$ cat start-v2.csv   # CSV, C-alpha atoms and all ligand atoms
chain,number,residue,atom,x,y,z
A,1,MET,CA,-34.1,-0.3,43.4
A,2,LYS,CA,-33.8,-2.1,40.2
A,3,ARG,CA,-30.3,-2.3,38.7
A,4,VAL,CA,-30.2,-1.3,35.1
A,5,LEU,CA,-27.9,-3.6,33.1
A,6,GLU,CA,-26.0,-1.7,30.5
A,7,THR,CA,-24.9,-3.9,27.6
A,8,LYS,CA,-22.6,-2.3,25.1
A,9,VAL,CA,-23.9,-2.9,21.6
A,10,GLU,CA,-21.0,-4.0,19.4
A,11,ASP,CA,-20.5,-1.8,16.3
A,12,ASN,CA,-21.2,-3.4,13.0
A,13,PHE,CA,-17.6,-2.8,11.9
A,14,MET,CA,-16.3,-4.9,14.8
A,15,ILE,CA,-18.8,-7.7,14.1
A,16,ARG,CA,-17.6,-8.0,10.5
A,17,PHE,CA,-13.9,-7.6,11.6
A,18,LYS,CA,-14.2,-10.5,14.0
A,19,TYR,CA,-16.1,-12.6,11.5
A,20,TYR,CA,-13.3,-12.3,8.9
A,21,LYS,CA,-10.5,-12.6,11.4
A,22,SER,CA,-11.8,-15.9,12.8
A,23,ASN,CA,-9.9,-19.1,12.0
A,24,LYS,CA,-12.4,-21.4,13.6
A,25,PRO,CA,-14.9,-21.3,12.0
A,26,LYS,CA,-13.2,-20.0,8.8
A,27,PRO,CA,-15.1,-17.1,7.3
A,28,SER,CA,-17.0,-17.6,4.0
A,29,LEU,CA,-15.8,-15.4,1.2
A,30,GLU,CA,-19.3,-15.4,-0.4
A,31,GLU,CA,-20.0,-11.8,0.6
A,32,VAL,CA,-16.7,-10.4,-0.5
A,33,ILE,CA,-17.3,-7.8,-3.2
A,34,LYS,CA,-17.6,-9.3,-6.7
A,35,ILE,CA,-16.1,-7.1,-9.4
A,36,GLN,CA,-18.8,-8.1,-11.9
A,37,ASN,CA,-21.8,-7.3,-9.6
A,38,ASP,CA,-20.8,-4.7,-7.0
A,39,THR,CA,-18.5,-2.4,-9.0
A,40,ILE,CA,-18.6,-0.3,-12.2
A,41,GLU,CA,-15.8,-0.5,-14.6
A,42,VAL,CA,-14.6,3.0,-15.6
A,43,ASN,CA,-12.5,3.4,-18.7
A,44,ASN,CA,-10.5,6.4,-19.7
A,45,ILE,CA,-11.4,8.0,-16.4
A,46,SER,CA,-9.8,11.4,-16.8
A,47,ASN,CA,-9.9,11.4,-20.6
A,48,ILE,CA,-6.2,10.6,-20.8
A,49,ILE,CA,-5.7,9.5,-24.4
A,50,GLU,CA,-2.0,9.1,-24.3
A,51,ASN,CA,0.1,6.9,-22.1
A,52,ASP,CA,2.4,8.5,-19.6
A,53,PRO,CA,6.1,7.9,-20.6
A,54,ARG,CA,6.9,7.1,-17.0
A,55,THR,CA,4.8,3.9,-16.8
A,56,LYS,CA,7.4,1.6,-18.2
A,57,LEU,CA,10.1,3.0,-16.0
A,58,LEU,CA,8.0,2.5,-12.9
A,59,GLY,CA,7.1,-1.1,-13.7
A,60,LEU,CA,3.6,-0.3,-14.9
A,61,LYS,CA,1.7,-1.5,-18.0
A,62,ASP,CA,0.4,1.1,-20.5
A,63,PHE,CA,-2.8,2.9,-19.4
A,64,THR,CA,-4.8,1.0,-22.1
A,65,ASN,CA,-4.3,-2.2,-20.1
A,66,TRP,CA,-5.4,-0.8,-16.7
A,67,LYS,CA,-8.7,-2.1,-15.3
A,68,THR,CA,-10.3,0.5,-13.0
A,69,TYR,CA,-13.5,0.1,-10.9
A,70,THR,CA,-15.6,2.2,-8.7
A,71,PHE,CA,-17.9,0.8,-6.0
A,72,LYS,CA,-21.7,1.3,-6.0
A,73,LYS,CA,-21.8,1.4,-2.2
A,74,HIS,CA,-18.6,3.5,-1.7
A,75,PRO,CA,-18.4,6.7,-3.7
A,76,GLY,CA,-14.9,8.0,-4.0
A,77,LEU,CA,-13.3,4.6,-3.7
A,78,PHE,CA,-11.3,3.3,-6.8
A,79,LEU,CA,-9.7,-0.1,-7.4
A,80,ILE,CA,-7.1,-0.5,-10.1
A,81,LEU,CA,-6.5,-4.2,-10.7
A,82,ASN,CA,-2.8,-4.9,-10.8
A,83,PRO,CA,-1.4,-2.5,-13.4
A,84,PHE,CA,2.2,-3.7,-12.7
A,85,THR,CA,4.4,-5.9,-14.8
A,86,SER,CA,5.9,-8.8,-12.9
A,87,LEU,CA,9.4,-7.1,-13.0
A,88,GLY,CA,7.6,-4.0,-11.7
A,89,GLN,CA,6.1,-5.9,-8.8
A,90,ARG,CA,9.6,-7.3,-8.0
A,91,PHE,CA,11.1,-3.8,-8.2
A,92,TRP,CA,8.6,-2.4,-5.6
A,93,ILE,CA,8.7,-5.4,-3.3
A,94,ARG,CA,12.5,-5.0,-3.2
A,95,LYS,CA,12.3,-1.3,-2.5
A,96,CYS,CA,10.0,-2.0,0.4
A,97,LEU,CA,12.3,-4.6,1.9
A,98,GLU,CA,15.8,-3.5,1.1
A,99,GLU,CA,15.6,0.3,1.0
A,100,TYR,CA,12.6,1.8,2.8
A,101,PRO,CA,13.3,0.3,6.2
A,102,LYS,CA,16.9,1.8,6.1
A,103,LYS,CA,17.7,4.8,8.3
A,104,PRO,CA,16.8,7.7,8.4
A,105,ASN,CA,13.4,6.1,7.9
A,106,LYS,CA,11.6,5.0,11.0
A,107,THR,CA,10.4,1.5,11.8
A,108,ASN,CA,8.6,-0.1,14.7
A,109,ILE,CA,11.8,-1.9,15.7
A,110,ASP,CA,13.4,1.4,16.7
A,111,ILE,CA,11.5,1.3,20.0
A,112,GLU,CA,13.6,-1.7,21.2
A,113,ARG,CA,16.9,-1.5,19.2
A,114,ASN,CA,18.7,0.6,16.8
A,115,ILE,CA,19.1,-1.1,13.4
A,116,GLU,CA,20.6,1.0,10.5
A,117,ASP,CA,19.7,-1.4,7.8
A,118,TRP,CA,17.1,-4.1,8.6
A,119,TRP,CA,17.5,-6.1,5.4
A,120,SER,CA,21.3,-6.4,5.6
A,121,GLU,CA,21.0,-7.3,9.3
A,122,LEU,CA,18.5,-10.1,8.4
A,123,CYS,CA,20.9,-11.6,5.8
A,124,LYS,CA,24.1,-11.1,7.7
A,125,GLY,CA,24.8,-14.4,9.5
A,126,GLU,CA,25.0,-17.9,8.2
A,127,GLN,CA,21.3,-18.3,8.8
A,128,TRP,CA,18.4,-16.0,7.9
A,129,ASP,CA,17.2,-14.3,11.1
A,130,ARG,CA,13.5,-15.3,11.1
A,131,LYS,CA,12.8,-13.6,14.4
A,132,LEU,CA,14.0,-10.3,13.0
A,133,GLN,CA,12.1,-10.9,9.8
A,134,LYS,CA,8.8,-11.2,11.6
A,135,LYS,CA,9.6,-8.2,13.8
A,136,LEU,CA,9.2,-5.6,11.1
A,137,ARG,CA,5.6,-4.4,11.0
A,138,TRP,CA,5.9,-0.8,9.6
A,139,THR,CA,8.3,1.8,8.3
A,140,THR,CA,7.4,5.4,7.7
A,141,LEU,CA,8.7,7.7,4.9
A,142,GLY,CA,8.6,11.5,4.4
A,143,TYR,CA,6.6,13.1,7.2
A,144,HIS,CA,6.8,10.3,9.8
A,145,HIS,CA,3.5,9.3,11.2
A,146,ASN,CA,3.6,9.8,15.0
A,147,TRP,CA,1.7,6.9,16.4
A,148,ASP,CA,1.1,8.5,19.8
A,149,THR,CA,0.1,12.1,19.0
A,150,LYS,CA,-1.0,11.4,15.4
A,151,VAL,CA,0.4,14.8,14.6
A,152,TYR,CA,3.0,15.4,11.8
A,153,SER,CA,5.8,17.8,12.4
A,154,GLU,CA,8.7,19.4,10.4
A,155,GLU,CA,11.2,18.0,13.0
A,156,ASN,CA,10.0,14.5,12.2
A,157,ARG,CA,10.4,14.6,8.4
A,158,ASP,CA,12.8,13.1,6.0
A,159,VAL,CA,13.1,13.1,2.2
A,160,PHE,CA,10.2,11.2,0.5
A,161,PRO,CA,11.5,8.6,-2.0
A,162,LEU,CA,11.5,10.1,-5.5
A,163,GLU,CA,10.4,7.0,-7.4
A,164,LEU,CA,7.5,6.4,-5.0
A,165,ALA,CA,6.4,10.1,-5.5
A,166,GLU,CA,6.6,9.5,-9.2
A,167,LEU,CA,4.5,6.3,-9.0
A,168,CYS,CA,1.8,8.1,-7.1
A,169,ASP,CA,1.9,11.1,-9.5
A,170,VAL,CA,1.3,8.8,-12.5
A,171,VAL,CA,-1.7,7.1,-10.8
A,172,ALA,CA,-3.0,10.5,-9.5
A,173,GLN,CA,-2.8,12.0,-13.0
A,174,TYR,CA,-4.5,8.9,-14.5
A,175,LEU,CA,-7.5,9.5,-12.1
A,176,GLY,CA,-7.5,13.2,-12.8
A,177,TYR,CA,-5.8,14.4,-9.6
A,178,VAL,CA,-3.3,16.7,-11.2
A,179,ASN,CA,-1.9,18.4,-8.1
A,180,PHE,CA,-1.3,15.4,-5.8
A,181,ASN,CA,2.0,15.5,-3.9
A,182,ALA,CA,3.2,12.4,-2.1
A,183,GLU,CA,4.6,13.6,1.3
A,184,ALA,CA,4.1,10.8,3.8
A,185,ALA,CA,3.9,7.0,3.6
A,186,ILE,CA,3.4,4.0,5.9
A,187,VAL,CA,4.7,0.7,4.6
A,188,ASN,CA,2.9,-2.1,6.4
A,189,TYR,CA,4.4,-5.6,6.6
A,190,TYR,CA,1.9,-8.4,7.4
A,191,HIS,CA,2.5,-12.0,8.1
A,192,MET,CA,-0.1,-14.7,7.8
A,193,GLY,CA,-1.8,-14.1,11.1
A,194,SER,CA,-1.4,-10.3,11.1
A,195,THR,CA,-4.4,-7.9,11.2
A,196,LEU,CA,-4.9,-4.1,11.2
A,197,SER,CA,-7.7,-2.8,13.3
A,198,ALA,CA,-10.4,-0.3,12.3
A,199,HIS,CA,-9.2,3.2,12.0
A,200,THR,CA,-9.5,6.4,9.9
A,201,ASP,CA,-6.6,8.3,8.5
A,202,HIS,CA,-7.2,11.9,9.6
A,203,SER,CA,-3.8,13.3,10.7
A,204,GLU,CA,-3.1,15.0,7.4
A,205,VAL,CA,-3.7,18.8,7.1
A,206,ASN,CA,-5.1,18.2,3.6
A,207,LEU,CA,-8.0,15.8,3.8
A,208,GLU,CA,-9.2,16.6,0.3
A,209,ALA,CA,-6.2,14.9,-1.3
A,210,PRO,CA,-6.7,11.1,-2.1
A,211,LEU,CA,-4.9,8.3,-0.3
A,212,PHE,CA,-3.1,5.7,-2.4
A,213,SER,CA,-2.7,2.2,-1.2
A,214,PHE,CA,-0.5,-0.4,-3.1
A,215,SER,CA,-0.6,-4.1,-2.2
A,216,PHE,CA,2.1,-6.7,-2.9
A,217,GLY,CA,2.7,-10.3,-2.0
A,218,GLN,CA,0.0,-12.3,-0.2
A,219,SER,CA,-3.6,-11.3,-0.5
A,220,ALA,CA,-5.9,-9.6,2.1
A,221,ILE,CA,-9.5,-9.0,3.0
A,222,PHE,CA,-9.9,-5.2,3.3
A,223,LEU,CA,-12.9,-3.9,5.1
A,224,ILE,CA,-14.3,-0.4,4.4
A,225,GLY,CA,-17.3,1.1,6.1
A,226,GLY,CA,-18.6,4.6,6.6
A,227,HIS,CA,-17.7,7.7,8.8
A,228,GLU,CA,-19.0,5.8,11.8
A,229,LYS,CA,-18.4,2.3,13.1
A,230,SER,CA,-22.1,1.5,13.1
A,231,TYR,CA,-22.0,1.5,9.2
A,232,GLU,CA,-21.9,-2.1,7.9
A,233,PRO,CA,-18.5,-2.5,6.1
A,234,SER,CA,-17.9,-4.1,2.7
A,235,ALA,CA,-15.1,-6.7,2.2
A,236,ILE,CA,-12.8,-6.4,-0.7
A,237,LEU,CA,-10.2,-8.9,-1.7
A,238,LEU,CA,-6.8,-7.2,-2.4
A,239,ASN,CA,-4.2,-9.1,-4.5
A,240,SER,CA,-0.6,-8.4,-5.3
A,241,GLY,CA,-0.3,-5.3,-7.5
A,242,ASP,CA,-3.7,-3.9,-6.8
A,243,ILE,CA,-4.0,-0.2,-6.1
A,244,LEU,CA,-6.8,1.1,-3.9
A,245,VAL,CA,-7.5,4.9,-3.9
A,246,MET,CA,-9.6,6.5,-1.2
A,247,SER,CA,-10.8,9.9,-2.3
A,248,LYS,CA,-13.7,12.3,-1.6
A,249,GLU,CA,-16.4,10.6,0.6
A,250,ALA,CA,-14.3,7.5,1.0
A,251,ARG,CA,-11.2,9.4,2.2
A,252,LEU,CA,-12.3,9.5,5.9
A,253,CYS,CA,-14.1,6.1,6.1
A,254,TYR,CA,-13.3,3.5,8.7
A,255,HIS,CA,-11.1,0.7,7.2
A,256,ALA,CA,-9.2,-2.4,8.4
A,257,VAL,CA,-7.5,-5.6,7.4
A,258,PRO,CA,-8.9,-8.5,9.4
A,259,LYS,CA,-7.2,-11.3,7.4
A,260,ILE,CA,-4.3,-12.2,5.2
A,261,LEU,CA,-5.0,-15.0,2.7
A,262,PRO,CA,-2.6,-17.1,0.6
A,263,ALA,CA,-2.3,-15.6,-2.9
A,264,LEU,CA,-3.9,-17.7,-5.6
A,265,ASN,CA,-1.5,-16.3,-8.2
A,266,GLN,CA,2.0,-14.9,-7.9
A,267,PRO,CA,2.0,-12.1,-10.4
A,268,TRP,CA,5.6,-11.2,-9.4
A,269,ASN,CA,6.7,-14.5,-10.9
A,270,ASN,CA,4.8,-14.2,-14.2
A,271,HIS,CA,7.6,-13.2,-16.5
A,272,GLU,CA,5.8,-13.9,-19.8
A,273,GLU,CA,4.3,-10.4,-19.8
A,274,SER,CA,7.4,-8.7,-18.5
A,275,LYS,CA,10.2,-7.5,-20.8
A,276,ILE,CA,13.6,-6.3,-19.7
A,277,ILE,CA,13.5,-2.5,-20.3
A,278,THR,CA,16.3,-0.4,-21.8
A,279,CYS,CA,17.1,3.3,-21.4
A,280,ASP,CA,15.8,3.9,-25.0
A,281,ASP,CA,12.4,2.6,-24.0
A,282,VAL,CA,12.0,5.4,-21.6
A,283,LYS,CA,12.3,9.1,-22.5
A,284,THR,CA,11.5,11.1,-19.5
A,285,LYS,CA,12.8,14.2,-17.7
A,286,TYR,CA,11.5,13.0,-14.4
A,287,ILE,CA,13.9,10.6,-12.7
A,288,ASN,CA,17.4,9.1,-12.8
A,289,ILE,CA,16.7,6.6,-15.7
A,290,LYS,CA,19.9,4.6,-15.6
A,291,LYS,CA,19.6,3.7,-11.9
A,292,ILE,CA,16.0,2.6,-12.2
A,293,VAL,CA,16.5,0.6,-15.4
A,294,THR,CA,19.4,-1.3,-13.7
A,295,GLU,CA,17.3,-1.9,-10.6
A,296,MET,CA,14.2,-3.0,-12.5
A,297,ASN,CA,16.2,-5.5,-14.6
A,298,ARG,CA,18.4,-7.1,-12.0
A,299,ASN,CA,15.5,-8.8,-10.4
A,300,VAL,CA,15.3,-11.6,-13.0
A,301,ASP,CA,18.3,-13.4,-11.6
A,302,ASN,CA,19.1,-15.1,-8.4
A,303,GLU,CA,19.5,-11.8,-6.6
A,304,TRP,CA,15.7,-12.1,-6.2
A,305,THR,CA,15.5,-15.4,-4.3
A,306,CYS,CA,15.5,-13.9,-0.7
A,307,PHE,CA,12.9,-11.3,-1.6
A,308,GLY,CA,10.8,-14.0,-3.2
A,309,SER,CA,10.9,-16.1,0.0
A,310,TYR,CA,9.8,-13.1,2.0
A,311,VAL,CA,6.6,-12.4,-0.1
A,312,GLN,CA,5.8,-16.1,-0.3
A,313,GLU,CA,4.6,-15.7,3.3
A,314,SER,CA,3.9,-12.0,3.8
A,315,ARG,CA,2.0,-9.1,2.5
A,316,ILE,CA,3.3,-5.6,2.0
A,317,ASN,CA,1.1,-2.5,1.8
A,318,VAL,CA,2.4,1.0,0.8
A,319,ASN,CA,0.0,3.7,2.0
A,320,VAL,CA,0.8,7.1,0.6
A,321,ARG,CA,-0.7,10.5,1.6
A,322,GLN,CA,-0.4,14.2,0.9
A,323,VAL,CA,0.0,16.1,4.2
A,324,LEU,CA,0.1,19.7,3.1
A,325,MET,CA,-2.4,22.0,1.5
A,326,GLU,CA,-1.7,22.8,-2.2
A,327,ASN,CA,1.3,24.9,-2.9
A,328,ARG,CA,2.7,24.7,0.6
A,329,LYS,CA,6.2,23.4,1.2
A,330,THR,CA,6.1,23.0,5.0
A,331,LEU,CA,3.6,22.8,7.8
A,332,ASP,CA,4.7,26.2,9.0
A,333,ASP,CA,3.9,28.0,5.6
B,401,LIG,O1,-2.9,-2.8,4.5
B,401,LIG,C1,-3.8,-2.1,4.0
B,401,LIG,O2,-4.4,-2.5,2.9
B,401,LIG,C2,-4.3,-0.9,4.7
B,401,LIG,C3,-3.3,-0.1,5.5
B,401,LIG,C4,-3.9,1.1,6.2
B,401,LIG,O3,-5.1,1.2,6.3
B,401,LIG,C5,-3.1,2.1,6.8
B,401,LIG,O4,-1.8,2.0,6.8
B,401,LIG,O5,-3.6,3.1,7.3

$ encode --input "start-v2.csv" --output "structure tokens" --more "lines below"
Ligand SMILES: O=C(O)CCC(=O)C(=O)O
Amino acid sequence: MKRVLETKVEDNFMIRFKYYKSNKPKPSLEEVIKIQNDTIEVNNISNIIENDPRTKLLGLKDFTNWKTYTFKKHPGLFLILNPFTSLGQRFWIRKCLEEYPKKPNKTNIDIERNIEDWWSELCKGEQWDRKLQKKLRWTTLGYHHNWDTKVYSEENRDVFPLELAELCDVVAQYLGYVNFNAEAAIVNYYHMGSTLSAHTDHSEVNLEAPLFSFSFGQSAIFLIGGHEKSYEPSAILLNSGDILVMSKEARLCYHAVPKILPALNQPWNNHEESKIITCDDVKTKYINIKKIVTEMNRNVDNEWTCFGSYVQESRINVNVRQVLMENRKTLDD
């Protein structure tokens, strides 16, 4: 009897992932999406004429300065090219390092040891603890993502950071999503060799709501394909400050990060376009103005140095989702 040899045909997503991940040979960036050829610029997307008063407070430029693109091959996917001021980028980088990994939020380090405050622990001794620095790979906020069951629960939920919810609300309103509620986030921390393998984000009860992804620090090749891994993915270069929004058809597509690349620019250091803000600049009923204004401005001085060193060799991605259906307060509603 003849033996039939079964060879597993590799999926197209995996082939591209391995291509971009490789160090030897290094991948060519020729086929990475070119904004001028493969995307369409969309201005005044939801007919918003007026700027949102919260932009300044959240470290964003006015809407008139935002450059937004959709992708010919990926309906529902939006890229907003860095709408942050440099002080804005510093504010968010600092939040991701100093505040979000603090308890009660969860981090990957919890599995091996209990650390209340990762950033303070890192800076505690005479010497910066590089091993601990590299250990942090993710932290979860709001409804904590359960990596084993992939199921959210009320027992595994903490308060979602107000300023991050506001940031998402501003971007959602700008794109015409007027009812978006930020309820869960994963903050991913990448070092130069880190990757994130192909996956879809499908744990949320509400899969109609868009997913907001903010990148800071070093750059990345982001792959996005279709609803199956056989679909050939596109490669997109994500730089510091870029916001990628996965909505509609793109919401459940396979995506991955095969490579972190050195940033060509450091927009978090470009202070020419960033002014110190004052409380008078911002009139809004939404958040505690004084606290944010102080936090935004303090990053011009030497308090910033350690955060600057971190992003010099790492990338941070904040990935925000709505979990619940509209007008629901809990999973049990
Ligand atoms: O780092 C990124 O750009 C993507 C992160 C991501 O896909 C995720 O957290 O599910």

$ residues_near_ligand --input "start-v2.csv" --ligand "ligand LIG 401 (chain B)" --cutoff "9 Å" --atoms "all atoms listed in the file" --output "VMD selection string"
chain A and resid 138 185 to 190 195 to 201 213 to 215 220 to 223 238 244 254 to 257 315 to 320

$ residues_around --input "start-v2.csv" --residues "region 150-159 of chain A" --least-positions-apart "6" --cutoff "9 Å" --atoms "all atoms listed in the file" --output "list in words"
Pro104, Asn105, Leu141, Gly142, Tyr143, His144, Glu183, Ala184, His202, Ser203, Glu204, Val205, Val323, Thr330, Leu331 and Asp332 of chain A

$ closest_residue --input "start-v2.csv" --among "A:Val300, A:Leu324, A:Leu87, A:Ile80" --to "Tyr174 (chain A)" --atoms "all atoms listed in the file"
A:Ile80

$ closest_residue --input "start-v2.csv" --among "A:Phe84, A:Tyr310, A:Trp128, A:Tyr20" --to "Val32 (chain A)" --atoms "all atoms listed in the file"
A:Tyr20

$ residues_near_point --input "start-v2.csv" --point "(6.3, 4.9, -9.8)" --cutoff "9 Å" --atoms "only C-alpha atoms" --output "number ranges by chain"
A: 54-55, 57-60, 92, 162-171

$ atom_distance --input "start-v2.csv" --atom1 "CA of Glu249 (chain A)" --atom2 "CA of Leu77 (chain A)"
8.0 Å

$ closest_residue --input "start-v2.csv" --among "A:Thr107, A:Asn82, A:Asn43, A:Asn239" --to "Thr64 (chain A)" --atoms "all atoms listed in the file"
A:Asn43

$ atom_distance --input "start-v2.csv" --atom1 "CA of Leu132 (chain A)" --atom2 "CA of Trp147 (chain A)"
21.4 Å

$ atom_distance --input "start-v2.csv" --atom1 "CA of Asn12 (chain A)" --atom2 "CA of Phe78 (chain A)"
23.1 Å

$ closest_residue --input "start-v2.csv" --among "A:Pro210, A:Pro161, A:Pro83, A:Pro233" --to "Lys95 (chain A)" --atoms "all atoms listed in the file"
A:Pro161

$ closest_residue --input "start-v2.csv" --among "A:Phe216, A:Trp119, A:Trp268, A:Phe13" --to "Ser314 (chain A)" --atoms "all atoms listed in the file"
A:Phe216

$ residues_around --input "start-v2.csv" --residues "Leu264 (chain A)" --least-positions-apart "3" --cutoff "12 Å" --atoms "all atoms listed in the file" --output "PyMOL selection string"
chain A and resi 217-220+237-240+261+267+312

$ closest_residue --input "start-v2.csv" --among "A:Phe160, A:Asn47, A:Glu326, A:Phe63" --to "Gly176 (chain A)" --atoms "all atoms listed in the file"
A:Asn47

$ decode --input "start-v2.csv" --residues "region 311-330 of chain A" --atoms "N, CA, C and O atoms" --output "PDB file, in the first residue's frame"
ATOM      1  N   VAL A 311      11.722  54.551  25.997  1.00  0.00           N
ATOM      2  CA  VAL A 311      11.163  54.508  24.628  1.00  0.00           C
ATOM      3  C   VAL A 311      12.232  54.573  23.546  1.00  0.00           C
ATOM      4  O   VAL A 311      11.951  54.306  22.382  1.00  0.00           O
ATOM      5  N   GLN A 312      13.447  54.897  23.949  1.00  0.00           N
ATOM      6  CA  GLN A 312      14.560  54.895  23.004  1.00  0.00           C
ATOM      7  C   GLN A 312      14.809  53.486  22.473  1.00  0.00           C
ATOM      8  O   GLN A 312      15.320  53.291  21.396  1.00  0.00           O
ATOM      9  N   GLU A 313      14.412  52.491  23.267  1.00  0.00           N
ATOM     10  CA  GLU A 313      14.650  51.114  22.825  1.00  0.00           C
ATOM     11  C   GLU A 313      13.415  50.215  22.948  1.00  0.00           C
ATOM     12  O   GLU A 313      13.539  49.000  22.957  1.00  0.00           O
ATOM     13  N   SER A 314      12.261  50.814  23.024  1.00  0.00           N
ATOM     14  CA  SER A 314      11.037  50.003  23.147  1.00  0.00           C
ATOM     15  C   SER A 314       9.865  50.658  22.432  1.00  0.00           C
ATOM     16  O   SER A 314       9.906  51.841  22.103  1.00  0.00           O
ATOM     17  N   ARG A 315       8.843  49.838  22.223  1.00  0.00           N
ATOM     18  CA  ARG A 315       7.602  50.354  21.638  1.00  0.00           C
ATOM     19  C   ARG A 315       6.474  50.057  22.617  1.00  0.00           C
ATOM     20  O   ARG A 315       6.466  49.002  23.264  1.00  0.00           O
ATOM     21  N   ILE A 316       5.520  50.980  22.702  1.00  0.00           N
ATOM     22  CA  ILE A 316       4.340  50.760  23.549  1.00  0.00           C
ATOM     23  C   ILE A 316       3.108  50.839  22.654  1.00  0.00           C
ATOM     24  O   ILE A 316       3.018  51.727  21.803  1.00  0.00           O
ATOM     25  N   ASN A 317       2.189  49.894  22.844  1.00  0.00           N
ATOM     26  CA  ASN A 317       0.938  49.934  22.093  1.00  0.00           C
ATOM     27  C   ASN A 317      -0.225  49.842  23.066  1.00  0.00           C
ATOM     28  O   ASN A 317      -0.260  48.955  23.919  1.00  0.00           O
ATOM     29  N   VAL A 318      -1.162  50.778  22.956  1.00  0.00           N
ATOM     30  CA  VAL A 318      -2.346  50.757  23.821  1.00  0.00           C
ATOM     31  C   VAL A 318      -3.534  50.368  22.950  1.00  0.00           C
ATOM     32  O   VAL A 318      -3.860  51.067  21.996  1.00  0.00           O
ATOM     33  N   ASN A 319      -4.163  49.263  23.283  1.00  0.00           N
ATOM     34  CA  ASN A 319      -5.184  48.651  22.457  1.00  0.00           C
ATOM     35  C   ASN A 319      -6.506  48.665  23.214  1.00  0.00           C
ATOM     36  O   ASN A 319      -6.652  47.934  24.191  1.00  0.00           O
ATOM     37  N   VAL A 320      -7.457  49.506  22.783  1.00  0.00           N
ATOM     38  CA  VAL A 320      -8.655  49.743  23.599  1.00  0.00           C
ATOM     39  C   VAL A 320      -9.914  49.187  22.936  1.00  0.00           C
ATOM     40  O   VAL A 320     -10.129  49.382  21.739  1.00  0.00           O
ATOM     41  N   ARG A 321     -10.739  48.540  23.733  1.00  0.00           N
ATOM     42  CA  ARG A 321     -11.980  47.940  23.210  1.00  0.00           C
ATOM     43  C   ARG A 321     -13.201  48.315  24.051  1.00  0.00           C
ATOM     44  O   ARG A 321     -13.070  48.568  25.240  1.00  0.00           O
ATOM     45  N   GLN A 322     -14.363  48.276  23.413  1.00  0.00           N
ATOM     46  CA  GLN A 322     -15.620  48.296  24.146  1.00  0.00           C
ATOM     47  C   GLN A 322     -16.016  46.834  24.318  1.00  0.00           C
ATOM     48  O   GLN A 322     -15.930  46.050  23.367  1.00  0.00           O
ATOM     49  N   VAL A 323     -16.428  46.468  25.524  1.00  0.00           N
ATOM     50  CA  VAL A 323     -16.774  45.064  25.777  1.00  0.00           C
ATOM     51  C   VAL A 323     -18.283  44.855  25.657  1.00  0.00           C
ATOM     52  O   VAL A 323     -18.757  43.888  25.054  1.00  0.00           O
ATOM     53  N   LEU A 324     -19.042  45.804  26.266  1.00  0.00           N
ATOM     54  CA  LEU A 324     -20.490  45.608  26.425  1.00  0.00           C
ATOM     55  C   LEU A 324     -21.286  46.138  25.244  1.00  0.00           C
ATOM     56  O   LEU A 324     -20.818  47.021  24.517  1.00  0.00           O
ATOM     57  N   MET A 325     -22.500  45.635  25.112  1.00  0.00           N
ATOM     58  CA  MET A 325     -23.422  46.192  24.124  1.00  0.00           C
ATOM     59  C   MET A 325     -23.826  47.586  24.606  1.00  0.00           C
ATOM     60  O   MET A 325     -23.711  47.903  25.790  1.00  0.00           O
ATOM     61  N   GLU A 326     -24.320  48.397  23.689  1.00  0.00           N
ATOM     62  CA  GLU A 326     -24.712  49.771  24.027  1.00  0.00           C
ATOM     63  C   GLU A 326     -25.685  49.824  25.200  1.00  0.00           C
ATOM     64  O   GLU A 326     -26.566  48.958  25.301  1.00  0.00           O
ATOM     65  N   ASN A 327     -25.534  50.849  26.034  1.00  0.00           N
ATOM     66  CA  ASN A 327     -26.408  51.093  27.192  1.00  0.00           C
ATOM     67  C   ASN A 327     -26.368  50.003  28.254  1.00  0.00           C
ATOM     68  O   ASN A 327     -27.244  49.942  29.108  1.00  0.00           O
ATOM     69  N   ARG A 328     -25.408  49.123  28.233  1.00  0.00           N
ATOM     70  CA  ARG A 328     -25.255  48.122  29.298  1.00  0.00           C
ATOM     71  C   ARG A 328     -24.141  48.584  30.228  1.00  0.00           C
ATOM     72  O   ARG A 328     -23.153  49.157  29.768  1.00  0.00           O
ATOM     73  N   LYS A 329     -24.327  48.316  31.521  1.00  0.00           N
ATOM     74  CA  LYS A 329     -23.318  48.728  32.494  1.00  0.00           C
ATOM     75  C   LYS A 329     -22.444  47.554  32.939  1.00  0.00           C
ATOM     76  O   LYS A 329     -21.330  47.735  33.398  1.00  0.00           O
ATOM     77  N   THR A 330     -23.012  46.357  32.872  1.00  0.00           N
ATOM     78  CA  THR A 330     -22.252  45.187  33.272  1.00  0.00           C
ATOM     79  C   THR A 330     -22.527  44.024  32.303  1.00  0.00           C
ATOM     80  O   THR A 330     -23.471  44.086  31.518  1.00  0.00           O
TER      81      THR A 330
END
